[in-house]
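Written out below as structure tokens is the structure these notes cover.
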Protein chains: 2
Amino acid sequence: MSEAVAATRRSRITPEREAELYEAVLGLLREVGYDTLTMDAVAARTRSSKATLYRQWGGKAQLVVQALRHGKRGHVEDIDTGSLRGDLHALVALEDDCTMERNSALMRGVAMAMHHNDDLRQAFREQLIAHEVGGFRQVVQRAVDRGEIRPDCPAIDFMLHMMVGGFATRTLLDDQPPTRAFLTSYIDAVVLPALGVSAI
Amino acid sequence: MSEAVAATRRSRITPEREAELYEAVLGLLREVGYDTLTMDAVAARTRSSKATLYRQWGGKAQLVVQALRHGKRGHVEDIDTGSLRGDLHALVALEDDCTMERNSALMRGVAMAMHHNDDLRQAFREQLIAHEVGGFRQVVQRAVDRGEIRPDCPAIDFMLHMMVGGFATRTLLDDQPPTRAFLTSYIDAVVLPALGVSAI
């Protein structure tokens, strides 16, 4: 489903109603997980018809991914502090540690479900990762324009791998949620030096 | 369970028999996944008694983690090519792409199961991650001794996060298995520059 089609479909409901719906989906996702979540449950909780949900979003996978995207506080491309270090630090400061832990648990659950749900994996890539890639590309381009990063720096291609890698491995390796303090240290120790940017 | 205790317990069976058992556990793990795998099934497939399995390993989580550890080709600390770049490249060359894809799928399954199995998470951390941390510490120490890495380089603390991050995010972000070519590029673009080591 293209962005334009999605926008047309969703334009039939108000932004407030859309936000309410996404919150309900995220709530259900936290309670029962992706595999157990049904469009019936979403319809019941939000007092909407299943037909409306399918017409607006196309299916459960697309609805869940849009809800996840909605659940993010701010977007990387909107951050423009004047330095790459400032931008990346501001990005991890968008959420407090409690929210970050909740979202990290949610993302782990969805990442797990992606392994056996091809439509979820596709929606996640097309609607969420593609958007993040575009956002980081803007942040990096501004840093290149300021002369902070060399345009041919090979680490540019791994920007999202580095950022998501720090976030994802914190729980796996250290059994601790990713906190703002951890991610800030990781950005200074790994991401910026890999891009050839001084962390001081 | 300490290494010494584990060694004493396992010394009652031959290394060949132990290897055979681990192979059987990995096979079952691939077929049915961690949650569905039972000690009964392991006992049946390996023609051993459940009492023996419990006496030797303590439980399913410990047995599975030891099998995973056994399934790895070679260990990072045994690699000593004379340069950090050589060591890390040799590490990802230990397995061909097909084996790496199989092991990546296996690890994803186990990582998923870790979210709701505390004993598996504990065994994974104590028996596998602690060992990897120790192995990478040796590789890094040799690079420090050779003057390749500054001893106070902050990225040293994130060595395993960087390596596991590249491996884990490849599937999540690109929907492709981690290959030797990908990991080699990632090491040259991210890991070595973060450690202040030239990738050329």
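So you can find residues: chains in the structure tokens are A, B, ... in the order shown, residues in each start at 1, and ligands are numbered from 1 in order.
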
Near region 20-34 of chain A, within 9 Å and counting only C-alpha atoms, which residues show up once chain neighbours fewer than 5 positions away are dropped, as a PyMOL selection string?
chain A and resi 15+41-42+45-46+61+63-64+66-68+70-71+102+105-106+109-110+113

Could you save the residues just selected, with C-alpha atoms, as a PDB file, in the first residue's frame?
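This went into out.pdb:
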ATOM      1  CA  PRO A  15      -6.461  12.519  13.387  1.00  0.00           C
ATOM      2  CA  ALA A  41     -10.505  -7.328  19.584  1.00  0.00           C
ATOM      3  CA  VAL A  42      -9.362  -4.033  18.032  1.00  0.00           C
ATOM      4  CA  ARG A  45     -12.088  -2.033  22.062  1.00  0.00           C
ATOM      5  CA  THR A  46     -12.300   0.930  19.701  1.00  0.00           C
ATOM      6  CA  ALA A  61       0.094  -6.254  10.049  1.00  0.00           C
ATOM      7  CA  LEU A  63      -2.424  -1.531  11.365  1.00  0.00           C
ATOM      8  CA  VAL A  64       0.091  -2.720  13.975  1.00  0.00           C
ATOM      9  CA  GLN A  66       1.268   2.141  11.734  1.00  0.00           C
ATOM     10  CA  ALA A  67       0.445   2.046  15.452  1.00  0.00           C
ATOM     11  CA  LEU A  68       4.116   1.413  16.277  1.00  0.00           C
ATOM     12  CA  HIS A  70       2.583   6.530  15.716  1.00  0.00           C
ATOM     13  CA  GLY A  71       3.898   5.446  19.148  1.00  0.00           C
ATOM     14  CA  ARG A 102       8.145  -0.224  27.438  1.00  0.00           C
ATOM     15  CA  ALA A 105       9.687  -4.736  25.191  1.00  0.00           C
ATOM     16  CA  LEU A 106       7.025  -4.004  22.571  1.00  0.00           C
ATOM     17  CA  GLY A 109       7.654  -8.866  20.884  1.00  0.00           C
ATOM     18  CA  VAL A 110       7.002  -7.600  17.366  1.00  0.00           C
ATOM     19  CA  ALA A 113       6.422 -12.272  15.670  1.00  0.00           C
TER      20      ALA A 113
END

Residues of chain B that approach chain A to 8 Å or less, counting only C-alpha atoms: could you list each one with the shortest pair of atoms and its distance in Å to one decimal, rows by chain and increasing residue number, as JSON lines?
{"residue": "B:Ala111", "atom": "CA", "partner": "A:Leu172", "partner_atom": "CA", "distance": 7.5}
{"residue": "B:Met112", "atom": "CA", "partner": "A:Met112", "partner_atom": "CA", "distance": 5.9}
{"residue": "B:Arg125", "atom": "CA", "partner": "A:Leu173", "partner_atom": "CA", "distance": 7.0}
{"residue": "B:Ile129", "atom": "CA", "partner": "A:Leu173", "partner_atom": "CA", "distance": 6.8}
{"residue": "B:Cys153", "atom": "CA", "partner": "A:Ala189", "partner_atom": "CA", "distance": 8.0}
{"residue": "B:Pro154", "atom": "CA", "partner": "A:Ala189", "partner_atom": "CA", "distance": 5.2}
{"residue": "B:Ala155", "atom": "CA", "partner": "A:Ala189", "partner_atom": "CA", "distance": 4.8}
{"residue": "B:Phe158", "atom": "CA", "partner": "A:Tyr186", "partner_atom": "CA", "distance": 7.3}
{"residue": "B:His161", "atom": "CA", "partner": "A:Thr169", "partner_atom": "CA", "distance": 5.7}
{"residue": "B:Met162", "atom": "CA", "partner": "A:Gly165", "partner_atom": "CA", "distance": 7.0}
{"residue": "B:Val164", "atom": "CA", "partner": "A:Thr169", "partner_atom": "CA", "distance": 7.0}
{"residue": "B:Gly165", "atom": "CA", "partner": "A:Gly165", "partner_atom": "CA", "distance": 4.0}
{"residue": "B:Gly166", "atom": "CA", "partner": "A:His161", "partner_atom": "CA", "distance": 6.3}
{"residue": "B:Ala168", "atom": "CA", "partner": "A:Gly165", "partner_atom": "CA", "distance": 7.3}
{"residue": "B:Thr169", "atom": "CA", "partner": "A:His161", "partner_atom": "CA", "distance": 5.7}
{"residue": "B:Arg170", "atom": "CA", "partner": "A:His161", "partner_atom": "CA", "distance": 7.3}
{"residue": "B:Leu172", "atom": "CA", "partner": "A:Ala111", "partner_atom": "CA", "distance": 7.5}
{"residue": "B:Leu173", "atom": "CA", "partner": "A:Ile129", "partner_atom": "CA", "distance": 6.8}
{"residue": "B:Asp174", "atom": "CA", "partner": "A:Arg125", "partner_atom": "CA", "distance": 7.9}
{"residue": "B:Tyr186", "atom": "CA", "partner": "A:Phe158", "partner_atom": "CA", "distance": 7.3}
{"residue": "B:Ala189", "atom": "CA", "partner": "A:Ala155", "partner_atom": "CA", "distance": 4.8}
{"residue": "B:Val190", "atom": "CA", "partner": "A:Ala194", "partner_atom": "CA", "distance": 5.0}
{"residue": "B:Val191", "atom": "CA", "partner": "A:Ala194", "partner_atom": "CA", "distance": 7.2}
{"residue": "B:Leu192", "atom": "CA", "partner": "A:Ala194", "partner_atom": "CA", "distance": 7.7}
{"residue": "B:Pro193", "atom": "CA", "partner": "A:Ala194", "partner_atom": "CA", "distance": 4.8}
{"residue": "B:Ala194", "atom": "CA", "partner": "A:Ala194", "partner_atom": "CA", "distance": 4.4}
{"residue": "B:Leu195", "atom": "CA", "partner": "A:Pro193", "partner_atom": "CA", "distance": 7.8}
{"residue": "B:Gly196", "atom": "CA", "partner": "A:Pro193", "partner_atom": "CA", "distance": 7.5}

Would you please give, as a ChimeraX atom specification, all residues of region 3-199 of chain B that DSSP assigns to alpha helix (DSSP H) based on the backbone?
/B:3-10,15-32,39-46,50-57,60-71,84-92,97-114,118-123,130-145,159-174,180-186,192-194

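Around Gly74 (chain A), within 12 Å and counting only C-alpha atoms, the residues found are Arg69, His70, Gly71, Lys72, Val76, Glu77, Asp78, Ile79, Ala90, Leu91, Val92, Ala93, Leu94, Glu95, Glu132 and Gly135 of chain A, once anything fewer than 2 positions away on its own chain is removed.
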
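As for CA of Leu37 (chain A) and CA of Asp118 (chain A), they are spaced 16.1 Å apart.
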